[in-house]
Amino acid sequence: MHAIEKILAQASGKPSVTAGEIVTAEVDVGEVNDLYLQVVKSFYELGGTQVVHPERTTFVFDHYAPAPTIKAADNHRQMREFCAKMGIKALFDIGKGVCHQVLIENGFVAPGSLVVETDSHTTTLGALGAFGTGVGATDMALILRNGSLWFRVPEVMHIVFDGALKPGVMAKDLILHVIGVLKQDAAIYKCVEFSGSTVNALPVEERLVLCNMSVEMGAKCAYIQPDQKTWDYLAKYGVTRAVRDVFTDPDYRYSEEHHFDASAIEPSAALPGSVDNLALVQDQVGTHIDQIFIGTCTGGRLNDIRTATEVLKGKKVAKGTRLVIIPASEVIFKEALAQGYVQSLVESGAVFSTPGCGPCLGAHEGIIASGEVCLTTSSRNFPGRMGSTDGKIYVVSPATAAASAISGTITDPRSLSKK
């Protein structure tokens, strides 16, 4: 069995499972974000009276936090009251950050765990050897009521990166390249496993980016086999090897495999309208930008903020261009403060906002107007994603975003420094 199959077999109490099989599995952690008050309503509609595992249930206010509307504020109020009534202690209120990062930092994610959230980018957690996936309100309500949910065991697509990265190339460029080549429907309801010498060399923060954006190919979940880097990263948040079995799959035969020479991949961009509309940054140089956004569950970690600092240190954001930075969590924000990154970036002209999702979903903290162009390190760029349907969104790496802030036009990061 593949590691993902082993996780589902263990969670469903079965000796083995195979791709295509339907199982009912116990969920280790269920998370509800503030987009989904409907979870609470559905819980009661389904006859729920008490959350079966309040200790395994979390609520994270990240999409509309702080509340930008009266309705959002009322949703928060009702969720706070529900958590108090049900004895749910893991309520992460405004400012704590994006759900995926918050769960990691609070020890809810470990290799071998089954984590379900009301957010499609839960695939992020596969970088830590977990089965992470997103569901809608009714499914989450069932998890709160029963502690379990049905799953179809996914086929596994294997993506292998080998070779050393060129200067200026980040994990975001790797995954944009893959999505551009394989397209948005390449992995519908599949697990995408990433491996190879390139992946082994990446820090965990960059591995999280690969798994995060696997959902942009339709993936049900993602997976990177845990190594010492994984454990070192998790140890910061109190997760040790004793927590879970580590699942490996040395002899597994994948449903399909795709090999990429990472040394040949260059800084990339997803052009407005579709995340698989791939282009090279060097071919877009000079394109005017109104706003640059560095943040979200895809591009708001310490490594991303550090990269922006290195590029912008001693330089200024171009006049007429806005640079909005939103850390993925409060923990990351504090680390960035301690390292001096926030001070440096503010001096360069950046604006910081509350940890969370921000303008990624077009809700607040930096949405764009009709005709404006936004360069973003987030994950999606369909019309209206970050505001006006007449706005244009380019998806790029933090290195490209920071380099472009200096000129106010799309800039190849390699043109600034050999570093």
# chains A, B, ... in the order shown; residues from 1 in each chain; ligands from 1
$ residues_around --residues "Ser263 (chain A)" --least-positions-apart "3" --cutoff "9 Å" --atoms "only C-alpha atoms" --output "mmCIF file with C-alpha atoms, in the first residue's frame"
data_model
loop_
_atom_site.group_PDB
_atom_site.id
_atom_site.type_symbol
_atom_site.label_atom_id
_atom_site.label_comp_id
_atom_site.auth_asym_id
_atom_site.auth_seq_id
_atom_site.Cartn_x
_atom_site.Cartn_y
_atom_site.Cartn_z
ATOM 1 C CA ASP A 162 15.601 16.231 -9.707
ATOM 2 C CA GLY A 163 18.381 18.778 -10.105
ATOM 3 C CA ALA A 164 19.557 21.928 -8.362
ATOM 4 C CA LEU A 165 17.411 25.055 -8.538
ATOM 5 C CA LYS A 166 18.693 28.059 -10.457
ATOM 6 C CA THR A 198 15.144 18.651 -5.442
ATOM 7 C CA PHE A 260 10.869 17.156 -14.141
ATOM 8 C CA GLU A 266 12.948 29.281 -14.556
#
$ select_by_dssp --residues "region 11-154 of chain A" --states "alpha helix (DSSP H)" --output "ChimeraX atom specification"
/A:11-12,38-45,70-86,99-105,137-146
$ atom_distance --atom1 "CA of Leu361 (chain A)" --atom2 "CA of Tyr237 (chain A)"
28.2 Å
$ residues_around --residues "Ala235 (chain A)" --least-positions-apart "5" --cutoff "12 Å" --atoms "only C-alpha atoms" --output "number ranges by chain"
A: 104-107, 109-110, 128, 228-230, 240-243
$ write_last_selection --atoms "N, CA and C atoms" --output "mmCIF file, in the first residue's frame"
data_model
loop_
_atom_site.group_PDB
_atom_site.id
_atom_site.type_symbol
_atom_site.label_atom_id
_atom_site.label_comp_id
_atom_site.auth_asym_id
_atom_site.auth_seq_id
_atom_site.Cartn_x
_atom_site.Cartn_y
_atom_site.Cartn_z
ATOM 1 N N ILE A 104 -0.696 23.453 12.333
ATOM 2 C CA ILE A 104 0.682 22.946 12.424
ATOM 3 C C ILE A 104 1.352 23.479 13.680
ATOM 4 N N GLU A 105 1.266 24.775 13.880
ATOM 5 C CA GLU A 105 1.974 25.422 14.979
ATOM 6 C C GLU A 105 1.433 25.039 16.352
ATOM 7 N N ASN A 106 0.220 24.514 16.393
ATOM 8 C CA ASN A 106 -0.370 24.126 17.670
ATOM 9 C C ASN A 106 -0.400 22.618 17.866
ATOM 10 N N GLY A 107 0.411 21.909 17.084
ATOM 11 C CA GLY A 107 0.618 20.478 17.301
ATOM 12 C C GLY A 107 -0.491 19.564 16.862
ATOM 13 N N VAL A 109 -0.982 18.521 13.747
ATOM 14 C CA VAL A 109 -0.624 17.795 12.529
ATOM 15 C C VAL A 109 0.643 16.977 12.760
ATOM 16 N N ALA A 110 0.587 15.701 12.386
ATOM 17 C CA ALA A 110 1.755 14.832 12.501
ATOM 18 C C ALA A 110 1.726 13.833 11.353
ATOM 19 N N LEU A 128 3.883 17.264 5.513
ATOM 20 C CA LEU A 128 4.313 16.768 6.817
ATOM 21 C C LEU A 128 3.956 15.302 6.998
ATOM 22 N N GLN A 228 14.229 13.769 8.185
ATOM 23 C CA GLN A 228 14.702 14.464 9.379
ATOM 24 C C GLN A 228 14.295 15.932 9.378
ATOM 25 N N LYS A 229 14.240 16.549 8.191
ATOM 26 C CA LYS A 229 13.799 17.948 8.109
ATOM 27 C C LYS A 229 12.367 18.082 8.620
ATOM 28 N N THR A 230 11.535 17.102 8.277
ATOM 29 C CA THR A 230 10.145 17.119 8.739
ATOM 30 C C THR A 230 10.081 17.113 10.251
ATOM 31 N N THR A 240 6.556 14.940 18.208
ATOM 32 C CA THR A 240 7.706 14.048 18.210
ATOM 33 C C THR A 240 7.394 12.755 17.461
ATOM 34 N N ARG A 241 8.420 11.972 17.232
ATOM 35 C CA ARG A 241 8.252 10.701 16.518
ATOM 36 C C ARG A 241 7.294 9.753 17.232
ATOM 37 N N ALA A 242 7.166 9.906 18.535
ATOM 38 C CA ALA A 242 6.309 9.003 19.298
ATOM 39 C C ALA A 242 4.824 9.235 19.040
ATOM 40 N N VAL A 243 4.495 10.354 18.408
ATOM 41 C CA VAL A 243 3.085 10.702 18.219
ATOM 42 C C VAL A 243 2.388 9.745 17.259
#
$ residues_around --residues "region 281-291 of chain A" --least-positions-apart "4" --cutoff "10 Å" --atoms "only C-alpha atoms" --output "ChimeraX atom specification"
/A:173,266-271,318-324,366-369,371-376,392-394,396,400-401,404-405,407-415
$ residues_around --residues "Gly362 (chain A)" --least-positions-apart "5" --cutoff "7 Å" --atoms "only C-alpha atoms" --output "PyMOL selection string"
chain A and resi 367+385-387
$ write_last_selection --atoms "C-alpha atoms" --output "short mmCIF file (atom, residue, chain, number, x, y, z; two decimals), in the first residue's frame"
data_model
loop_
_atom_site.label_atom_id
_atom_site.label_comp_id
_atom_site.auth_asym_id
_atom_site.auth_seq_id
_atom_site.Cartn_x
_atom_site.Cartn_y
_atom_site.Cartn_z
CA ILE A 367 -8.84 43.90 -2.81
CA ARG A 385 -10.73 36.22 -7.01
CA MET A 386 -9.18 39.28 -5.39
CA GLY A 387 -11.82 41.90 -6.06
#
$ closest_residue --among "A:Cys99, A:Leu174, A:Ala127, A:Val52" --to "Thr296 (chain A)" --atoms "only C-alpha atoms"
A:Cys99
$ residues_around --residues "Cys357 (chain A)" --least-positions-apart "4" --cutoff "7 Å" --atoms "only C-alpha atoms" --output "count of residues only"
4
$ residues_around --residues "Ser348 (chain A)" --least-positions-apart "4" --cutoff "6 Å" --atoms "only C-alpha atoms" --output "PyMOL selection string"
chain A and resi 315-317
$ write_last_selection --atoms "N, CA and C atoms" --output "PDB file, in the first residue's frame"
ATOM      1  N   LYS A 315      16.189  49.235  -0.561  1.00  0.00           N
ATOM      2  CA  LYS A 315      15.506  49.741  -1.759  1.00  0.00           C
ATOM      3  C   LYS A 315      14.102  50.185  -1.380  1.00  0.00           C
ATOM      4  N   LYS A 316      13.415  50.827  -2.298  1.00  0.00           N
ATOM      5  CA  LYS A 316      12.073  51.335  -2.055  1.00  0.00           C
ATOM      6  C   LYS A 316      11.073  50.734  -3.032  1.00  0.00           C
ATOM      7  N   VAL A 317       9.840  50.562  -2.533  1.00  0.00           N
ATOM      8  CA  VAL A 317       8.738  50.168  -3.402  1.00  0.00           C
ATOM      9  C   VAL A 317       8.461  51.321  -4.367  1.00  0.00           C
TER      10      VAL A 317
END
$ closest_residue --among "A:Ala363, A:Ile143, A:Ser353, A:Ala72" --to "Gly384 (chain A)" --atoms "only C-alpha atoms"
A:Ala363
